[in-house]
$ cat data14.pdb   # PDB, C-alpha atoms, pLDDT in the B column
ATOM      1  CA  MET A   1      -8.301  38.929  51.536  1.00 82.00           C
ATOM      2  CA  SER A   2      -7.577  40.376  54.985  1.00 88.00           C
ATOM      3  CA  ASP A   3      -7.746  43.482  57.149  1.00 94.00           C
ATOM      4  CA  CYS A   4      -6.398  46.718  55.666  1.00 93.00           C
ATOM      5  CA  SER A   5      -5.926  49.703  57.987  1.00 95.00           C
ATOM      6  CA  ASP A   6      -5.030  52.173  55.221  1.00 93.00           C
ATOM      7  CA  MET A   7      -6.319  51.674  51.692  1.00 88.00           C
ATOM      8  CA  SER A   8      -4.674  54.888  50.414  1.00 84.00           C
ATOM      9  CA  SER A   9      -1.525  52.953  49.519  1.00 82.00           C
ATOM     10  CA  TYR A  10      -3.661  51.026  46.983  1.00 83.00           C
ATOM     11  CA  MET A  11      -5.951  53.818  45.747  1.00 80.00           C
ATOM     12  CA  SER A  12      -6.881  57.392  46.590  1.00 79.00           C
ATOM     13  CA  ARG A  13     -10.645  56.869  46.411  1.00 76.00           C
ATOM     14  CA  CYS A  14     -12.911  53.828  46.452  1.00 74.00           C
ATOM     15  CA  GLN A  15     -16.328  54.266  44.846  1.00 75.00           C
ATOM     16  CA  SER A  16     -17.310  50.648  44.162  1.00 79.00           C
ATOM     17  CA  CYS A  17     -16.229  47.136  45.084  1.00 85.00           C
ATOM     18  CA  ARG A  18     -16.959  43.447  44.745  1.00 89.00           C
ATOM     19  CA  VAL A  19     -16.819  41.112  47.720  1.00 91.00           C
ATOM     20  CA  GLU A  20     -15.967  37.713  46.259  1.00 92.00           C
ATOM     21  CA  SER A  21     -16.117  35.776  49.520  1.00 90.00           C
ATOM     22  CA  GLY A  22     -16.556  36.416  53.204  1.00 89.00           C
ATOM     23  CA  CYS A  23     -17.912  39.443  55.045  1.00 92.00           C
ATOM     24  CA  PHE A  24     -16.195  42.763  55.627  1.00 93.00           C
ATOM     25  CA  MET A  25     -16.758  45.896  57.622  1.00 93.00           C
ATOM     26  CA  VAL A  26     -15.604  49.017  55.770  1.00 90.00           C
ATOM     27  CA  TYR A  27     -14.724  52.225  57.593  1.00 90.00           C
ATOM     28  CA  GLU A  28     -14.930  55.879  56.708  1.00 87.00           C
ATOM     29  CA  ARG A  29     -11.392  56.617  57.948  1.00 88.00           C
ATOM     30  CA  ASN A  30      -8.016  54.902  58.262  1.00 91.00           C
ATOM     31  CA  ASN A  31      -7.268  52.548  61.160  1.00 94.00           C
ATOM     32  CA  TYR A  32     -10.862  51.260  61.391  1.00 93.00           C
ATOM     33  CA  MET A  33     -12.218  54.595  62.579  1.00 89.00           C
ATOM     34  CA  GLY A  34     -15.369  56.561  61.781  1.00 86.00           C
ATOM     35  CA  GLN A  35     -18.657  55.301  60.470  1.00 85.00           C
ATOM     36  CA  GLN A  36     -18.952  51.673  59.405  1.00 89.00           C
ATOM     37  CA  PHE A  37     -20.778  49.685  56.741  1.00 88.00           C
ATOM     38  CA  PHE A  38     -21.268  45.902  56.545  1.00 92.00           C
ATOM     39  CA  MET A  39     -20.594  44.119  53.227  1.00 89.00           C
ATOM     40  CA  ARG A  40     -21.249  40.497  52.361  1.00 90.00           C
ATOM     41  CA  ARG A  41     -20.561  38.652  49.127  1.00 91.00           C
ATOM     42  CA  GLY A  42     -21.858  40.631  46.166  1.00 89.00           C
ATOM     43  CA  GLU A  43     -21.271  43.621  43.945  1.00 89.00           C
ATOM     44  CA  TYR A  44     -21.457  47.209  45.146  1.00 85.00           C
ATOM     45  CA  ASN A  45     -21.431  49.103  41.858  1.00 81.00           C
ATOM     46  CA  ASP A  46     -21.622  52.713  42.989  1.00 75.00           C
ATOM     47  CA  MET A  47     -21.976  54.920  46.021  1.00 70.00           C
ATOM     48  CA  GLN A  48     -25.651  55.627  45.257  1.00 73.00           C
ATOM     49  CA  SER A  49     -26.561  51.940  45.570  1.00 72.00           C
ATOM     50  CA  MET A  50     -24.493  51.629  48.771  1.00 73.00           C
ATOM     51  CA  ARG A  51     -26.277  54.651  50.250  1.00 71.00           C
ATOM     52  CA  SER A  52     -29.638  53.036  49.492  1.00 67.00           C
ATOM     53  CA  MET A  53     -28.443  50.058  51.594  1.00 66.00           C
ATOM     54  CA  GLY A  54     -27.618  52.301  54.541  1.00 67.00           C
ATOM     55  CA  MET A  55     -24.055  53.479  53.957  1.00 67.00           C
ATOM     56  CA  MET A  56     -23.755  56.993  55.420  1.00 66.00           C
ATOM     57  CA  PHE A  57     -20.406  58.100  53.923  1.00 72.00           C
ATOM     58  CA  ASP A  58     -19.026  58.518  50.409  1.00 71.00           C
ATOM     59  CA  ASN A  59     -15.651  56.766  50.497  1.00 78.00           C
ATOM     60  CA  PHE A  60     -14.007  54.083  52.587  1.00 84.00           C
ATOM     61  CA  ARG A  61     -10.422  54.097  53.783  1.00 87.00           C
ATOM     62  CA  SER A  62     -10.009  50.838  55.739  1.00 92.00           C
ATOM     63  CA  CYS A  63     -11.663  47.434  55.982  1.00 92.00           C
ATOM     64  CA  ARG A  64     -11.760  44.513  58.367  1.00 94.00           C
ATOM     65  CA  MET A  65     -12.573  40.919  57.464  1.00 94.00           C
ATOM     66  CA  ILE A  66     -15.209  39.337  59.714  1.00 94.00           C
ATOM     67  CA  PRO A  67     -14.419  35.702  60.516  1.00 91.00           C
ATOM     68  CA  TYR A  68     -17.176  33.134  60.182  1.00 90.00           C
ATOM     69  CA  HIS A  69     -18.423  32.035  63.599  1.00 92.00           C
ATOM     70  CA  ARG A  70     -19.663  28.523  64.324  1.00 89.00           C
ATOM     71  CA  GLY A  71     -21.528  27.980  67.547  1.00 93.00           C
ATOM     72  CA  GLN A  72     -23.747  29.977  69.814  1.00 95.00           C
ATOM     73  CA  PHE A  73     -24.064  33.743  70.037  1.00 97.00           C
ATOM     74  CA  ARG A  74     -24.143  35.563  73.375  1.00 98.00           C
ATOM     75  CA  MET A  75     -23.978  39.219  74.267  1.00 98.00           C
ATOM     76  CA  LYS A  76     -24.947  41.024  77.464  1.00 98.00           C
ATOM     77  CA  ILE A  77     -26.189  44.598  76.994  1.00 97.00           C
ATOM     78  CA  TYR A  78     -26.272  47.254  79.716  1.00 96.00           C
ATOM     79  CA  GLU A  79     -28.343  50.385  80.086  1.00 93.00           C
ATOM     80  CA  ARG A  80     -25.420  52.498  81.316  1.00 93.00           C
ATOM     81  CA  GLU A  81     -21.696  52.784  80.654  1.00 93.00           C
ATOM     82  CA  ASN A  82     -19.252  50.554  82.569  1.00 96.00           C
ATOM     83  CA  PHE A  83     -21.803  47.718  82.699  1.00 97.00           C
ATOM     84  CA  GLY A  84     -24.237  49.630  84.914  1.00 96.00           C
ATOM     85  CA  GLY A  85     -28.032  49.708  85.136  1.00 94.00           C
ATOM     86  CA  GLN A  86     -30.410  47.133  83.714  1.00 93.00           C
ATOM     87  CA  SER A  87     -28.811  44.279  81.802  1.00 96.00           C
ATOM     88  CA  TYR A  88     -30.067  41.564  79.481  1.00 97.00           C
ATOM     89  CA  GLU A  89     -28.381  38.645  77.789  1.00 97.00           C
ATOM     90  CA  LEU A  90     -29.078  38.185  74.090  1.00 97.00           C
ATOM     91  CA  MET A  91     -28.633  35.000  72.096  1.00 97.00           C
ATOM     92  CA  ASP A  92     -30.546  36.101  69.006  1.00 96.00           C
ATOM     93  CA  ASP A  93     -31.334  39.250  67.019  1.00 97.00           C
ATOM     94  CA  CYS A  94     -33.220  42.104  68.673  1.00 97.00           C
ATOM     95  CA  ASP A  95     -35.004  44.580  66.404  1.00 97.00           C
ATOM     96  CA  ASN A  96     -35.901  47.027  69.208  1.00 97.00           C
ATOM     97  CA  ILE A  97     -34.473  46.964  72.760  1.00 95.00           C
ATOM     98  CA  GLN A  98     -37.098  49.422  73.964  1.00 95.00           C
ATOM     99  CA  ASP A  99     -40.003  47.203  72.908  1.00 96.00           C
ATOM    100  CA  ARG A 100     -38.428  43.915  73.963  1.00 95.00           C
ATOM    101  CA  TYR A 101     -36.693  44.876  77.215  1.00 95.00           C
ATOM    102  CA  ARG A 102     -38.175  48.268  78.112  1.00 93.00           C
ATOM    103  CA  MET A 103     -34.630  49.665  77.863  1.00 91.00           C
ATOM    104  CA  SER A 104     -34.449  53.244  76.626  1.00 87.00           C
ATOM    105  CA  ASP A 105     -30.706  53.133  76.044  1.00 86.00           C
ATOM    106  CA  CYS A 106     -27.778  50.723  75.675  1.00 91.00           C
ATOM    107  CA  GLN A 107     -24.429  52.226  76.651  1.00 92.00           C
ATOM    108  CA  SER A 108     -22.132  49.218  77.161  1.00 94.00           C
ATOM    109  CA  CYS A 109     -21.956  45.511  76.400  1.00 96.00           C
ATOM    110  CA  ASN A 110     -19.947  42.346  76.755  1.00 98.00           C
ATOM    111  CA  VAL A 111     -19.820  40.184  73.624  1.00 98.00           C
ATOM    112  CA  MET A 112     -19.110  36.681  74.870  1.00 98.00           C
ATOM    113  CA  ASP A 113     -19.669  34.629  71.701  1.00 97.00           C
ATOM    114  CA  GLY A 114     -20.061  35.436  68.034  1.00 97.00           C
ATOM    115  CA  HIS A 115     -19.872  38.585  65.944  1.00 96.00           C
ATOM    116  CA  TRP A 116     -22.661  41.186  66.031  1.00 97.00           C
ATOM    117  CA  LEU A 117     -23.833  44.340  64.269  1.00 95.00           C
ATOM    118  CA  MET A 118     -25.360  47.039  66.456  1.00 94.00           C
ATOM    119  CA  TYR A 119     -27.594  49.714  64.921  1.00 93.00           C
ATOM    120  CA  GLU A 120     -28.401  53.251  65.971  1.00 90.00           C
ATOM    121  CA  GLN A 121     -32.149  52.876  65.320  1.00 92.00           C
ATOM    122  CA  PRO A 122     -34.749  50.126  65.761  1.00 95.00           C
ATOM    123  CA  GLN A 123     -35.370  47.695  62.895  1.00 96.00           C
ATOM    124  CA  TYR A 124     -31.634  47.496  62.018  1.00 94.00           C
ATOM    125  CA  ARG A 125     -31.446  51.015  60.575  1.00 90.00           C
ATOM    126  CA  GLY A 126     -29.065  53.932  60.874  1.00 87.00           C
ATOM    127  CA  ARG A 127     -25.365  53.919  61.637  1.00 87.00           C
ATOM    128  CA  MET A 128     -23.938  50.555  62.600  1.00 89.00           C
ATOM    129  CA  MET A 129     -21.017  49.184  64.545  1.00 91.00           C
ATOM    130  CA  TYR A 130     -19.288  45.814  64.308  1.00 94.00           C
ATOM    131  CA  MET A 131     -18.794  44.091  67.670  1.00 95.00           C
ATOM    132  CA  ARG A 132     -16.456  41.130  68.059  1.00 94.00           C
ATOM    133  CA  PRO A 133     -15.925  39.241  71.325  1.00 97.00           C
ATOM    134  CA  GLY A 134     -14.783  41.581  74.085  1.00 97.00           C
ATOM    135  CA  GLU A 135     -15.898  44.223  76.559  1.00 97.00           C
ATOM    136  CA  TYR A 136     -17.211  47.576  75.351  1.00 95.00           C
ATOM    137  CA  ARG A 137     -17.452  49.880  78.375  1.00 94.00           C
ATOM    138  CA  ASN A 138     -18.674  53.179  76.933  1.00 92.00           C
ATOM    139  CA  PHE A 139     -20.376  53.625  73.549  1.00 86.00           C
ATOM    140  CA  ARG A 140     -20.634  57.418  73.935  1.00 81.00           C
ATOM    141  CA  GLU A 141     -16.839  57.717  74.063  1.00 80.00           C
ATOM    142  CA  MET A 142     -16.290  55.165  71.299  1.00 76.00           C
ATOM    143  CA  MET A 143     -18.763  56.585  68.811  1.00 69.00           C
ATOM    144  CA  SER A 144     -19.252  60.291  69.635  1.00 68.00           C
ATOM    145  CA  GLY A 145     -22.468  59.891  71.580  1.00 67.00           C
ATOM    146  CA  GLN A 146     -24.015  57.227  69.381  1.00 74.00           C
ATOM    147  CA  ARG A 147     -26.565  54.960  71.007  1.00 80.00           C
ATOM    148  CA  PHE A 148     -27.779  51.563  69.869  1.00 90.00           C
ATOM    149  CA  MET A 149     -31.395  50.435  69.660  1.00 93.00           C
ATOM    150  CA  SER A 150     -31.168  47.139  67.711  1.00 96.00           C
ATOM    151  CA  MET A 151     -28.605  44.384  67.249  1.00 96.00           C
ATOM    152  CA  ARG A 152     -28.164  41.492  64.836  1.00 96.00           C
ATOM    153  CA  ARG A 153     -25.936  38.406  64.777  1.00 96.00           C
ATOM    154  CA  ILE A 154     -23.647  37.892  61.794  1.00 94.00           C
ATOM    155  CA  THR A 155     -24.796  34.332  61.204  1.00 86.00           C
ATOM    156  CA  ASP A 156     -24.619  33.298  57.569  1.00 71.00           C
ATOM    157  CA  MET A 157     -21.674  32.096  55.565  1.00 56.00           C
ATOM    158  CA  CYS A 158     -20.747  35.369  53.947  1.00 55.00           C
TER     159      CYS A 158
END

$ encode --input "data14.pdb" --output "structure tokens"
Amino acid sequence: MSDCSDMSSYMSRCQSCRVESGCFMVYERNNYMGQQFFMRRGEYNDMQSMRSMGMMFDNFRSCRMIPYHRGQFRMKIYERENFGGQSYELMDDCDNIQDRYRMSDCQSCNVMDGHWLMYEQPQYRGRMMYMRPGEYRNFREMMSGQRFMSMRRITDMC
């Protein structure tokens, strides 16, 4: 029903789950660290089915509830860390920043409104990261060199 930074006090291993309402981001390690996977309402019966949906790890240790956002979505992406280089403001999903903006890399961003998922590869594939409102100055430091090539708004009632 809320954020949980350490699921080990409830269970030693989580191999399936059911999201009864809302949206959650689950994390590979405690304290919302490591790789992430987005879950909306539904049943996730086994790790094999979660892997087929893009989950890149075999157990989750923490989770964060994503609040529903009403209103507009705005995020400014930057080519380089610390808000340097080319920049573009997004208000909707972008399936490929290279095709749309001729940007070869996105290394920092400022999320002004809404909640977003950023993906390592175009077409919303690969590792993902949940972004809530705030400044993100250096993705390479945050995610061990990960870069983002597509981003999607979390828009629906989860």

$ residues_around --input "data14.pdb" --residues "Asp92 (chain A)" --least-positions-apart "5" --cutoff "8 Å" --atoms "all atoms listed in the file" --output "PyMOL selection string"
chain A and resi 73-74+152-153

$ residues_around --input "data14.pdb" --residues "region 117-124 of chain A" --least-positions-apart "4" --cutoff "6 Å" --atoms "all atoms listed in the file" --output "VMD selection string"
chain A and resid 95 to 96 128 to 130 147 to 152

$ residues_near_point --input "data14.pdb" --point "(-14.3, 41.0, 54.4)" --cutoff "10 Å" --atoms "all atoms listed in the file" --output "ChimeraX atom specification"
/A:1-4,19-26,38-41,63-67,158

$ resolve_selection --input "data14.pdb" --expression "the PyMOL selection byres ((chain A and resi 13) around 12)" --output "NGL selection string"
:A and (6-12 or 14-17 or 28-29 or 47 or 58-62)

$ resolve_selection --input "data14.pdb" --expression "the PyMOL selection byres ((chain A and resi 108-113) around 10)" --output "number ranges by chain"
A: 69-85, 87-91, 105-107, 114-116, 131-140, 147-148

$ write_last_selection --input "data14.pdb" --atoms "C-alpha atoms" --output "compact mmCIF listing (two decimals), keeping the file's coordinate frame"
# COMPACT_ATOMS: atom_id res chain seq x y z
CA HIS A 69 -18.42 32.03 63.60
CA ARG A 70 -19.66 28.52 64.32
CA GLY A 71 -21.53 27.98 67.55
CA GLN A 72 -23.75 29.98 69.81
CA PHE A 73 -24.06 33.74 70.04
CA ARG A 74 -24.14 35.56 73.38
CA MET A 75 -23.98 39.22 74.27
CA LYS A 76 -24.95 41.02 77.46
CA ILE A 77 -26.19 44.60 76.99
CA TYR A 78 -26.27 47.25 79.72
CA GLU A 79 -28.34 50.38 80.09
CA ARG A 80 -25.42 52.50 81.32
CA GLU A 81 -21.70 52.78 80.65
CA ASN A 82 -19.25 50.55 82.57
CA PHE A 83 -21.80 47.72 82.70
CA GLY A 84 -24.24 49.63 84.91
CA GLY A 85 -28.03 49.71 85.14
CA SER A 87 -28.81 44.28 81.80
CA TYR A 88 -30.07 41.56 79.48
CA GLU A 89 -28.38 38.65 77.79
CA LEU A 90 -29.08 38.18 74.09
CA MET A 91 -28.63 35.00 72.10
CA ASP A 105 -30.71 53.13 76.04
CA CYS A 106 -27.78 50.72 75.68
CA GLN A 107 -24.43 52.23 76.65
CA GLY A 114 -20.06 35.44 68.03
CA HIS A 115 -19.87 38.58 65.94
CA TRP A 116 -22.66 41.19 66.03
CA MET A 131 -18.79 44.09 67.67
CA ARG A 132 -16.46 41.13 68.06
CA PRO A 133 -15.92 39.24 71.32
CA GLY A 134 -14.78 41.58 74.08
CA GLU A 135 -15.90 44.22 76.56
CA TYR A 136 -17.21 47.58 75.35
CA ARG A 137 -17.45 49.88 78.38
CA ASN A 138 -18.67 53.18 76.93
CA PHE A 139 -20.38 53.62 73.55
CA ARG A 140 -20.63 57.42 73.94
CA ARG A 147 -26.56 54.96 71.01
CA PHE A 148 -27.78 51.56 69.87

$ atom_distance --input "data14.pdb" --atom1 "CA of Arg127 (chain A)" --atom2 "CA of Gln36 (chain A)"
7.2 Å

$ closest_residue --input "data14.pdb" --among "A:Arg18, A:Met142, A:Ile154, A:Arg100" --to "Asn45 (chain A)" --atoms "only C-alpha atoms"
A:Arg18

$ atom_distance --input "data14.pdb" --atom1 "CA of Asp93 (chain A)" --atom2 "CA of Thr155 (chain A)"
10.0 Å

$ atom_distance --input "data14.pdb" --atom1 "CA of Asn30 (chain A)" --atom2 "CA of Gln146 (chain A)"
19.6 Å

$ decode --input "data14.pdb" --residues "region 68-93 of chain A" --atoms "N, CA and C atoms" --output "mmCIF file, in the first residue's frame"
data_model
loop_
_atom_site.group_PDB
_atom_site.id
_atom_site.type_symbol
_atom_site.label_atom_id
_atom_site.label_comp_id
_atom_site.auth_asym_id
_atom_site.auth_seq_id
_atom_site.Cartn_x
_atom_site.Cartn_y
_atom_site.Cartn_z
ATOM 1 N N TYR A 68 -0.649 8.978 -8.657
ATOM 2 C CA TYR A 68 -1.344 9.373 -9.872
ATOM 3 C C TYR A 68 -1.188 10.879 -10.050
ATOM 4 N N HIS A 69 -0.868 11.292 -11.264
ATOM 5 C CA HIS A 69 -0.655 12.708 -11.559
ATOM 6 C C HIS A 69 -1.787 13.227 -12.439
ATOM 7 N N ARG A 70 -2.392 14.314 -12.007
ATOM 8 C CA ARG A 70 -3.403 15.003 -12.817
ATOM 9 C C ARG A 70 -2.768 16.285 -13.320
ATOM 10 N N GLY A 71 -2.960 16.583 -14.558
ATOM 11 C CA GLY A 71 -2.391 17.818 -15.100
ATOM 12 C C GLY A 71 -1.398 17.540 -16.202
ATOM 13 N N GLN A 72 -0.655 18.581 -16.538
ATOM 14 C CA GLN A 72 0.277 18.471 -17.651
ATOM 15 C C GLN A 72 1.557 17.759 -17.246
ATOM 16 N N PHE A 73 2.301 17.334 -18.249
ATOM 17 C CA PHE A 73 3.586 16.682 -18.070
ATOM 18 C C PHE A 73 4.636 17.537 -18.758
ATOM 19 N N ARG A 74 5.745 17.791 -18.048
ATOM 20 C CA ARG A 74 6.837 18.568 -18.647
ATOM 21 C C ARG A 74 8.172 18.073 -18.108
ATOM 22 N N MET A 75 9.084 17.862 -19.040
ATOM 23 C CA MET A 75 10.436 17.456 -18.680
ATOM 24 C C MET A 75 11.389 18.071 -19.700
ATOM 25 N N LYS A 76 12.498 18.598 -19.228
ATOM 26 C CA LYS A 76 13.522 19.135 -20.119
ATOM 27 C C LYS A 76 14.703 18.175 -20.074
ATOM 28 N N ILE A 77 15.105 17.682 -21.263
ATOM 29 C CA ILE A 77 16.233 16.755 -21.353
ATOM 30 C C ILE A 77 17.445 17.492 -21.911
ATOM 31 N N TYR A 78 18.627 17.046 -21.467
ATOM 32 C CA TYR A 78 19.886 17.686 -21.866
ATOM 33 C C TYR A 78 20.854 16.635 -22.398
ATOM 34 N N GLU A 79 21.600 17.032 -23.384
ATOM 35 C CA GLU A 79 22.571 16.159 -24.030
ATOM 36 C C GLU A 79 23.721 15.768 -23.093
ATOM 37 N N ARG A 80 24.128 16.682 -22.226
ATOM 38 C CA ARG A 80 25.265 16.430 -21.348
ATOM 39 C C ARG A 80 24.873 16.535 -19.881
ATOM 40 N N GLU A 81 25.740 16.032 -19.012
ATOM 41 C CA GLU A 81 25.503 16.124 -17.575
ATOM 42 C C GLU A 81 25.480 17.587 -17.138
ATOM 43 N N ASN A 82 24.905 17.817 -15.957
ATOM 44 C CA ASN A 82 24.785 19.167 -15.376
ATOM 45 C C ASN A 82 24.068 20.149 -16.296
ATOM 46 N N PHE A 83 23.075 19.638 -17.019
ATOM 47 C CA PHE A 83 22.197 20.465 -17.863
ATOM 48 C C PHE A 83 22.963 21.184 -18.973
ATOM 49 N N GLY A 84 23.945 20.512 -19.546
ATOM 50 C CA GLY A 84 24.746 21.095 -20.618
ATOM 51 C C GLY A 84 24.352 20.569 -21.991
ATOM 52 N N GLY A 85 24.825 21.253 -23.025
ATOM 53 C CA GLY A 85 24.591 20.832 -24.409
ATOM 54 C C GLY A 85 23.193 21.158 -24.883
ATOM 55 N N GLN A 86 22.796 20.499 -25.967
ATOM 56 C CA GLN A 86 21.452 20.696 -26.515
ATOM 57 C C GLN A 86 20.412 20.367 -25.453
ATOM 58 N N SER A 87 19.274 21.044 -25.525
ATOM 59 C CA SER A 87 18.176 20.719 -24.610
ATOM 60 C C SER A 87 16.850 20.812 -25.352
ATOM 61 N N TYR A 88 15.903 20.016 -24.909
ATOM 62 C CA TYR A 88 14.559 20.013 -25.478
ATOM 63 C C TYR A 88 13.559 19.795 -24.363
ATOM 64 N N GLU A 89 12.418 20.456 -24.488
ATOM 65 C CA GLU A 89 11.348 20.266 -23.516
ATOM 66 C C GLU A 89 10.329 19.292 -24.077
ATOM 67 N N LEU A 90 9.987 18.287 -23.287
ATOM 68 C CA LEU A 90 9.009 17.286 -23.685
ATOM 69 C C LEU A 90 7.734 17.481 -22.889
ATOM 70 N N MET A 91 6.606 17.278 -23.571
ATOM 71 C CA MET A 91 5.307 17.285 -22.905
ATOM 72 C C MET A 91 4.532 16.014 -23.218
ATOM 73 N N ASP A 92 5.126 15.166 -24.068
ATOM 74 C CA ASP A 92 4.506 13.884 -24.392
ATOM 75 C C ASP A 92 5.592 12.832 -24.556
ATOM 76 N N ASP A 93 5.189 11.593 -24.825
ATOM 77 C CA ASP A 93 6.121 10.485 -24.959
ATOM 78 C C ASP A 93 7.077 10.716 -26.128
#
